[in-house]
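Colleague: Dumping the structure here so I can ask a few things about it.
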Amino acid sequence: MYNTLKNLDRRWVFLSMFLAVSIPILAKTVFPEVVSKQAKLVFDAIEDLPDGSNILLSYDFDPASQGELLPMAQAFTRHCSAKGHKQYYMALWPLGSPMVDLSVETIESEYPDMVYGEDFVKFDYKAGGEAVIRMITQDLRGMFPLDSKGVSLDKIPMTKNIKNIQDMDLIVNVSAGDPGTKQWVQFAATPFGITTVSGCTGVQAPQMYPYIPEQLAGVLGAIKAAAEYEAAIDAVYPDINDNPKAQEAKRRMGPQLVAHSLMIGLIILGNWIFYVGRKRGEA
Amino acid sequence: MSESKQQSNGLIWAVVFIIGAIMLVWSMSTSRTGQVWVTAEQHAFVQNADGDWAKTDAASATSNDIAWTSYSSVPDNELTDEMISSGDAKMSWSRTIGLWLSAIFTLFILSFLVGDNPAYKFAEAMVVGTSAGYVMVIGLWDVFVPNLLGKLFPVMVQNWALPGMDASVGTQLLYIIPAILIVMLLMQLMPAGGWISRWPIAFFIGITAGYRMIGYVEADLVAQIKAAIIPLYETGADGTFAIWDTMNACILTIATLSAMVYFFFSIEHKGFVGKTARLGIWFLMITFGASFGYTVMGRIALLAQRLEFLFGDWLHLI
Amino acid sequence: MKRFVPLVIAIVAGFVLLIANFIPYAEGWGLTAQEWFNILAVGAMVLGGGNLIKLQLMKISSKKAGWGYAAVTVVCFFAAIFIGMGKFGVHPNELYPNYAWSGYYLEEGSGMWWIYQHMIVPLTSTMFAMLAFYVATAAFRAFRAKNTEATLLLVTAGIVLLGRTYAGVWLFEGWLPDWLLWLRFDNLTVWIMDVPNTAGTRAITIGIALGVVATSLRILLGVDRSYLGQD
């Protein structure tokens, strides 16, 4: 047993991980969600705003991270739409603009009463990362002379009175790295006191905690937090609860539980091999 | 690679292909596996007396009007037999081929798990080429045209790609400078005269240094030091001593200070400093453990999404 | 000329931004510099793409090992540029139907959309998804509780891994008394993130900030000139 495990081909580990993720997907395993503190903070930051507040949503991620971040991005869109907030979308990653398009599609298909230009607007990608953030805190038109449909901001009802993003009531940032939440905190939230919430990858999430609560109102870390956020929205908005498309993160927590358990098992097994080897004088 | 490993690789491939083929045949015979269906939407525009173009009914459009058809994909669970029989939905060959390519590329990349192979290398070469090309395209249409060409040649850009742009401000000559800087930057690709690219690079470095300085001092230094200074005696809403909050505040302060002491390399880590630094390492290890846990969570979510694509969008198993 | 001018450019550009941050009169200068910076960032993208293709073409011309793959990269690069810049399959913007080039280059059904959807999305997302497998083998082979520090890391990782799933609740359901609920892995995870993680990360954040500020100052004062190259 010891020798077999010690010399185990790593492809068996790959196979076990494949099965740990595949089987719950195929079995459609779903677990209940308990809304944790951070998910509640993020939910409240949007929920407590008066209906029709201005929210800037910057989706700074690309397809490589969409497994983690797209469910929470869509949840932000649905929550803001259900509340009737005015949504200003933008992306700081070159491959991020199509992620915003998915949210625009969600609004158009699930909230047909919302009108482009009056309730939501999209700005195209701009290069420069933190420089874009810095610039739009002072001059939105300098960076975005037009929206993504090629219309001047002065002719769009929801942008004509916006000078810069200091006019926003909340910034929602979905971030996979740099530029992302750190830059929004550094160049918008901290210097101008604009309330900001973040949804970010698991890699980034622990780095955002020191900013809470002064510089960041709350953070959703990876898919688990997205599932909790979905649960928080479902509890208040029955229409969203009934929408199977709005349960994507919760669905993904099935494979997550089994794979995490496998990881624990692998760590224990690896350490058992280590201790037996050390006892035998091999390590 | 050893002979036994090559043989086992061959066996793995054979098993994967046989299982895959069986699943595919079964799935294709029972559903619309691997097919993408679309619905059409007609767009027609007619010019009115003012010269403006207004939307009109596509059925009444004439040859003088502007008309086109766009197609939207229909998710399989929303596709009904009525839509198919009535002709409202039809299969899109380009998107069906695209779906199969997506699945094949996904498998090509995953094949690296068994070992480096030509399929993986081919997919890798494709992702590098297409991504780089895509970035060029997005750079052109989203930044170069509206933010540079639109300032230098507003009338031309308005008549060409951005009719909604305000061209009344005229040419803004100051934008010649970034245009020149771009040309200088690209000189780096030339065999000679590459040194001229140092000018725009220096501009880049200077601006970045300025940005970083402002951002880090304000948000990561001053604000963080301020956030670290917290009361070590906490009371509840009713004014009574809050033992848990007080304990957490004390741990937070000790942990922050001890971890900072660990990074303080100007003093030898001996005696009290050494013990504090060691405590700091422990707290840092807890931090790294938490980061590891979150990282694993993220990676698994990415894998789940790809497998959902294979099992759902492609094979229609879920 | 080769070293002095870029040195002055870097110092002036950096100080313009700093001054613009503190003196309202100079705000306009900062905005102009930022706008140029953002436009120049596209130049950097083009430079990156150009460099990539230059290297691939050199590989092809010298018939180095794997030159065939380099050819695939070059073909894909130019195909994406040709299709994307030519807006193949893109219809005009509905607001301006008489302007053929006014449409969105990623319109559903267009050539660039097809490339993005069927090539870039599966390829890039699967590349990152692969890390789930490698993190599993790393956990099996490299994660050893060799000493106190490593044990702390492992135990924390284990608690967080279970605490961030329903297992963190389910494992303790039915037997843990209410006064010990804080020991439930989901609650412990919240505590770990709020207290030790916040403290450790804060120390790292402050350390990094000091490093960044020092590096930036060295550049702005002309002490660090490494970006000017050797000659």
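Chain labels run A, B, ... following the order of the structure tokens; each chain numbers its residues from 1, and ligands are numbered from 1 in the order shown.
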Given only C-alpha atoms, how would the per-residue table for chain C near chain A read, listing every residue at most 6 Å away with its closest atom pair and distance in Å to one decimal, sorted by chain and number, as JSON lines?

Modeller:
{"residue": "C:Asn38", "atom": "CA", "partner": "A:Gly128", "partner_atom": "CA", "distance": 4.6}
{"residue": "C:Ala41", "atom": "CA", "partner": "A:Gly128", "partner_atom": "CA", "distance": 5.5}
{"residue": "C:Val121", "atom": "CA", "partner": "A:Pro63", "partner_atom": "CA", "distance": 5.4}
{"residue": "C:Thr124", "atom": "CA", "partner": "A:Ala64", "partner_atom": "CA", "distance": 5.2}
{"residue": "C:Ser125", "atom": "CA", "partner": "A:Ala64", "partner_atom": "CA", "distance": 3.9}
{"residue": "C:Phe128", "atom": "CA", "partner": "A:Ala64", "partner_atom": "CA", "distance": 6.0}
{"residue": "C:Phe133", "atom": "CA", "partner": "A:Phe14", "partner_atom": "CA", "distance": 5.4}
{"residue": "C:Ala139", "atom": "CA", "partner": "A:Ile267", "partner_atom": "CA", "distance": 5.3}
{"residue": "C:Phe140", "atom": "CA", "partner": "A:Gly270", "partner_atom": "CA", "distance": 4.7}
{"residue": "C:Arg141", "atom": "CA", "partner": "A:Gly270", "partner_atom": "CA", "distance": 5.9}
{"residue": "C:Arg144", "atom": "CA", "partner": "A:Asn271", "partner_atom": "CA", "distance": 5.5}
{"residue": "C:Leu161", "atom": "CA", "partner": "A:His260", "partner_atom": "CA", "distance": 5.8}
{"residue": "C:Thr165", "atom": "CA", "partner": "A:Leu257", "partner_atom": "CA", "distance": 5.4}
{"residue": "C:Thr198", "atom": "CA", "partner": "A:Pro210", "partner_atom": "CA", "distance": 5.0}
{"residue": "C:Thr201", "atom": "CA", "partner": "A:Gln207", "partner_atom": "CA", "distance": 5.9}
{"residue": "C:Arg202", "atom": "CA", "partner": "A:Pro210", "partner_atom": "CA", "distance": 5.5}

Colleague: Find the residues near His118 (chain C): any atom within 8 Å, counting only C-alpha atoms, skip ones fewer than 4 places away on the same chain, and give them as an MDAnalysis selection string.

Modeller: (chainID B and resid 98:99 101:102) or (chainID C and resid 114 122)

Colleague: Need the shell around region 63-77 of chain B: protein/DNA/RNA residues with any atom at most 9 Å away, counting only C-alpha atoms. Skip same-chain ones fewer than 6 positions apart. Format as a list in words?

Modeller: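 Counting only the stated atoms, we get Arg32, Gln35, Val36, Trp37, Val38, Thr39, Ala40, Glu41, Gln42, His43, Ala44, Phe45, Val46, Gln47, Trp53, Ala89, Ser92, Arg95, Asp313 and His316 of chain B; His91, Pro97, Asn98, Glu108 and Gly109 of chain C.
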
Colleague: Using only N, CA and C atoms, please write the residues we just selected to a file, as a PDB file, in the first residue's frame.

Modeller:
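Final output, saved to result_37.pdb:
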ATOM      1  N   ARG B  32     -30.152  16.805 -29.778  1.00  0.00           N
ATOM      2  CA  ARG B  32     -29.502  17.652 -30.786  1.00  0.00           C
ATOM      3  C   ARG B  32     -28.075  17.955 -30.375  1.00  0.00           C
ATOM      4  N   GLN B  35     -25.248  20.564 -31.849  1.00  0.00           N
ATOM      5  CA  GLN B  35     -25.862  21.428 -32.860  1.00  0.00           C
ATOM      6  C   GLN B  35     -26.175  22.787 -32.241  1.00  0.00           C
ATOM      7  N   VAL B  36     -26.048  23.813 -33.061  1.00  0.00           N
ATOM      8  CA  VAL B  36     -26.444  25.150 -32.609  1.00  0.00           C
ATOM      9  C   VAL B  36     -27.557  25.642 -33.523  1.00  0.00           C
ATOM     10  N   TRP B  37     -28.654  26.038 -32.928  1.00  0.00           N
ATOM     11  CA  TRP B  37     -29.807  26.526 -33.692  1.00  0.00           C
ATOM     12  C   TRP B  37     -29.953  28.025 -33.468  1.00  0.00           C
ATOM     13  N   VAL B  38     -30.425  28.677 -34.509  1.00  0.00           N
ATOM     14  CA  VAL B  38     -30.547  30.142 -34.416  1.00  0.00           C
ATOM     15  C   VAL B  38     -31.924  30.601 -34.881  1.00  0.00           C
ATOM     16  N   THR B  39     -32.296  31.777 -34.402  1.00  0.00           N
ATOM     17  CA  THR B  39     -33.508  32.422 -34.929  1.00  0.00           C
ATOM     18  C   THR B  39     -33.078  33.697 -35.645  1.00  0.00           C
ATOM     19  N   ALA B  40     -33.832  34.040 -36.678  1.00  0.00           N
ATOM     20  CA  ALA B  40     -33.465  35.208 -37.492  1.00  0.00           C
ATOM     21  C   ALA B  40     -34.252  36.437 -37.052  1.00  0.00           C
ATOM     22  N   GLU B  41     -33.604  37.585 -37.203  1.00  0.00           N
ATOM     23  CA  GLU B  41     -34.302  38.854 -36.950  1.00  0.00           C
ATOM     24  C   GLU B  41     -34.015  39.795 -38.115  1.00  0.00           C
ATOM     25  N   GLN B  42     -35.088  40.334 -38.702  1.00  0.00           N
ATOM     26  CA  GLN B  42     -34.929  41.223 -39.865  1.00  0.00           C
ATOM     27  C   GLN B  42     -34.773  42.668 -39.390  1.00  0.00           C
ATOM     28  N   HIS B  43     -33.894  43.383 -40.044  1.00  0.00           N
ATOM     29  CA  HIS B  43     -33.723  44.810 -39.742  1.00  0.00           C
ATOM     30  C   HIS B  43     -33.879  45.575 -41.059  1.00  0.00           C
ATOM     31  N   ALA B  44     -34.701  46.588 -41.062  1.00  0.00           N
ATOM     32  CA  ALA B  44     -34.874  47.394 -42.282  1.00  0.00           C
ATOM     33  C   ALA B  44     -35.001  48.866 -41.906  1.00  0.00           C
ATOM     34  N   PHE B  45     -34.429  49.710 -42.746  1.00  0.00           N
ATOM     35  CA  PHE B  45     -34.424  51.148 -42.461  1.00  0.00           C
ATOM     36  C   PHE B  45     -34.782  51.907 -43.737  1.00  0.00           C
ATOM     37  N   VAL B  46     -35.598  52.927 -43.574  1.00  0.00           N
ATOM     38  CA  VAL B  46     -36.024  53.715 -44.719  1.00  0.00           C
ATOM     39  C   VAL B  46     -35.638  55.180 -44.475  1.00  0.00           C
ATOM     40  N   GLN B  47     -35.256  55.843 -45.558  1.00  0.00           N
ATOM     41  CA  GLN B  47     -34.841  57.256 -45.433  1.00  0.00           C
ATOM     42  C   GLN B  47     -36.072  58.150 -45.534  1.00  0.00           C
ATOM     43  N   TRP B  53     -32.550  58.223 -41.300  1.00  0.00           N
ATOM     44  CA  TRP B  53     -32.970  56.837 -41.521  1.00  0.00           C
ATOM     45  C   TRP B  53     -33.791  56.370 -40.329  1.00  0.00           C
ATOM     46  N   ALA B  89     -36.732  28.509 -36.256  1.00  0.00           N
ATOM     47  CA  ALA B  89     -35.348  28.220 -35.864  1.00  0.00           C
ATOM     48  C   ALA B  89     -34.700  27.341 -36.925  1.00  0.00           C
ATOM     49  N   SER B  92     -27.482  26.433 -37.478  1.00  0.00           N
ATOM     50  CA  SER B  92     -26.408  27.271 -38.021  1.00  0.00           C
ATOM     51  C   SER B  92     -25.158  26.422 -38.170  1.00  0.00           C
ATOM     52  N   ARG B  95     -21.944  28.127 -36.599  1.00  0.00           N
ATOM     53  CA  ARG B  95     -21.880  28.055 -35.128  1.00  0.00           C
ATOM     54  C   ARG B  95     -21.745  26.612 -34.660  1.00  0.00           C
ATOM     55  N   ASP B 313     -23.164  22.320 -23.065  1.00  0.00           N
ATOM     56  CA  ASP B 313     -23.283  22.988 -24.373  1.00  0.00           C
ATOM     57  C   ASP B 313     -22.967  22.037 -25.525  1.00  0.00           C
ATOM     58  N   HIS B 316     -24.831  17.954 -24.323  1.00  0.00           N
ATOM     59  CA  HIS B 316     -26.226  18.030 -23.851  1.00  0.00           C
ATOM     60  C   HIS B 316     -26.530  16.951 -22.816  1.00  0.00           C
TER      61      HIS B 316
ATOM     62  N   HIS C  91     -22.769  44.094 -39.147  1.00  0.00           N
ATOM     63  CA  HIS C  91     -23.768  44.957 -39.787  1.00  0.00           C
ATOM     64  C   HIS C  91     -23.616  46.374 -39.248  1.00  0.00           C
ATOM     65  N   PRO C  97     -27.651  53.390 -39.810  1.00  0.00           N
ATOM     66  CA  PRO C  97     -27.641  52.263 -40.762  1.00  0.00           C
ATOM     67  C   PRO C  97     -26.932  52.552 -42.077  1.00  0.00           C
ATOM     68  N   ASN C  98     -26.782  53.821 -42.417  1.00  0.00           N
ATOM     69  CA  ASN C  98     -26.137  54.150 -43.696  1.00  0.00           C
ATOM     70  C   ASN C  98     -24.609  54.258 -43.582  1.00  0.00           C
ATOM     71  N   GLU C 108     -22.769  39.666 -32.463  1.00  0.00           N
ATOM     72  CA  GLU C 108     -23.024  38.224 -32.518  1.00  0.00           C
ATOM     73  C   GLU C 108     -23.146  37.770 -33.971  1.00  0.00           C
ATOM     74  N   GLY C 109     -22.398  36.746 -34.305  1.00  0.00           N
ATOM     75  CA  GLY C 109     -22.441  36.198 -35.654  1.00  0.00           C
ATOM     76  C   GLY C 109     -21.324  36.720 -36.552  1.00  0.00           C
TER      77      GLY C 109
END

Colleague: I need the residues of region 56-275 of chain B that end up classed as strand (DSSP E or B) by DSSP on the backbone, written out as a list in words.

Modeller: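 So the strand (DSSP E or B) residues in region 56-275 of chain B would be Ile66, Ala67, Trp68, Thr69, Ser70, Tyr71, Ser72, Ser73, Val74, Ala89, Lys90, Met91, Thr235 and Phe241 of chain B.
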
Colleague: Would you list which chain B residues are within 7 Å of chain A using only C-alpha atoms, as a short mmCIF file (atom, residue, chain, number, x, y, z; two decimals) with N, CA, C and O atoms, in the first residue's frame?

Modeller:
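Produced file result_16.cif, reproduced below:
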data_model
loop_
_atom_site.label_atom_id
_atom_site.label_comp_id
_atom_site.auth_asym_id
_atom_site.auth_seq_id
_atom_site.Cartn_x
_atom_site.Cartn_y
_atom_site.Cartn_z
N VAL B 114 -1.98 14.25 -19.99
CA VAL B 114 -1.40 12.93 -20.26
C VAL B 114 0.07 13.08 -20.66
O VAL B 114 0.88 12.20 -20.41
N VAL B 135 -6.21 41.41 -29.47
CA VAL B 135 -5.82 42.61 -28.70
C VAL B 135 -5.53 43.78 -29.64
O VAL B 135 -5.87 44.93 -29.36
N ILE B 138 -8.99 45.10 -30.84
CA ILE B 138 -9.71 45.87 -29.81
C ILE B 138 -8.99 47.20 -29.56
O ILE B 138 -9.62 48.23 -29.34
N ASP B 142 -11.37 50.35 -30.18
CA ASP B 142 -11.83 50.93 -28.91
C ASP B 142 -10.99 52.12 -28.44
O ASP B 142 -11.47 52.95 -27.68
N VAL B 143 -9.74 52.18 -28.84
CA VAL B 143 -8.89 53.27 -28.34
C VAL B 143 -8.31 54.10 -29.49
O VAL B 143 -8.50 55.32 -29.53
N LEU B 162 -17.45 56.45 -36.88
CA LEU B 162 -18.11 56.95 -35.67
C LEU B 162 -19.00 58.14 -35.98
O LEU B 162 -18.69 59.29 -35.64
N GLY B 164 -21.60 59.19 -34.67
CA GLY B 164 -22.13 59.89 -33.50
C GLY B 164 -21.14 60.83 -32.84
O GLY B 164 -21.47 61.53 -31.89
N MET B 165 -19.92 60.84 -33.38
CA MET B 165 -18.87 61.66 -32.77
C MET B 165 -19.08 63.15 -33.06
O MET B 165 -19.58 63.51 -34.12
N GLY B 215 -0.89 56.35 -5.61
CA GLY B 215 -1.83 55.30 -5.22
C GLY B 215 -1.38 54.54 -3.98
O GLY B 215 -2.16 54.33 -3.05
N TYR B 216 -0.12 54.14 -3.97
CA TYR B 216 0.36 53.31 -2.86
C TYR B 216 0.49 54.11 -1.56
O TYR B 216 0.21 53.59 -0.49
N ALA B 219 -3.39 54.79 -0.43
CA ALA B 219 -4.27 53.66 -0.13
C ALA B 219 -3.60 52.54 0.65
O ALA B 219 -4.24 51.88 1.47
N SER B 291 -4.88 31.78 1.73
CA SER B 291 -4.74 32.09 0.30
C SER B 291 -4.76 30.81 -0.52
O SER B 291 -5.37 30.76 -1.59
N TYR B 294 -8.31 29.52 -0.85
CA TYR B 294 -9.09 30.32 -1.80
C TYR B 294 -8.63 30.06 -3.24
O TYR B 294 -9.43 30.06 -4.17
N THR B 295 -7.31 29.87 -3.41
CA THR B 295 -6.78 29.62 -4.76
C THR B 295 -7.34 28.31 -5.30
O THR B 295 -7.76 28.24 -6.46
N MET B 297 -10.08 26.89 -4.48
CA MET B 297 -11.49 27.10 -4.79
C MET B 297 -11.65 27.71 -6.18
O MET B 297 -12.49 27.26 -6.97
N GLY B 298 -10.81 28.69 -6.46
CA GLY B 298 -10.89 29.35 -7.76
C GLY B 298 -10.58 28.42 -8.91
O GLY B 298 -11.28 28.38 -9.92
N ILE B 300 -10.78 25.20 -9.11
CA ILE B 300 -11.80 24.16 -9.32
C ILE B 300 -13.02 24.75 -10.03
O ILE B 300 -13.62 24.11 -10.89
N ALA B 301 -13.35 25.99 -9.68
CA ALA B 301 -14.49 26.64 -10.36
C ALA B 301 -14.22 26.76 -11.85
O ALA B 301 -15.12 26.59 -12.68
N LEU B 302 -12.96 27.05 -12.21
CA LEU B 302 -12.63 27.19 -13.63
C LEU B 302 -12.78 25.85 -14.35
O LEU B 302 -13.29 25.78 -15.47
N ALA B 304 -14.71 23.37 -13.37
CA ALA B 304 -16.14 23.04 -13.40
C ALA B 304 -16.81 23.72 -14.60
O ALA B 304 -17.63 23.11 -15.30
N GLN B 305 -16.42 24.97 -14.85
CA GLN B 305 -17.03 25.70 -15.96
C GLN B 305 -16.71 25.04 -17.31
O GLN B 305 -17.57 24.92 -18.17
N LEU B 307 -15.93 21.86 -17.80
CA LEU B 307 -16.62 20.57 -17.90
C LEU B 307 -18.12 20.79 -18.13
O LEU B 307 -18.75 20.01 -18.84
N GLU B 308 -18.66 21.85 -17.55
CA GLU B 308 -20.06 22.17 -17.82
C GLU B 308 -20.26 22.46 -19.31
O GLU B 308 -21.27 22.08 -19.89
N ILE B 318 -26.34 17.50 -19.56
CA ILE B 318 -26.95 18.13 -18.37
C ILE B 318 -27.92 19.23 -18.80
O ILE B 318 -27.87 19.71 -19.91
#

Colleague: I need the residues of region 1-35 of chain A that end up classed as helix (DSSP H, G or I) by DSSP on the backbone, written out as a PyMOL selection string.

Modeller: chain A and resi 2-6+10-27
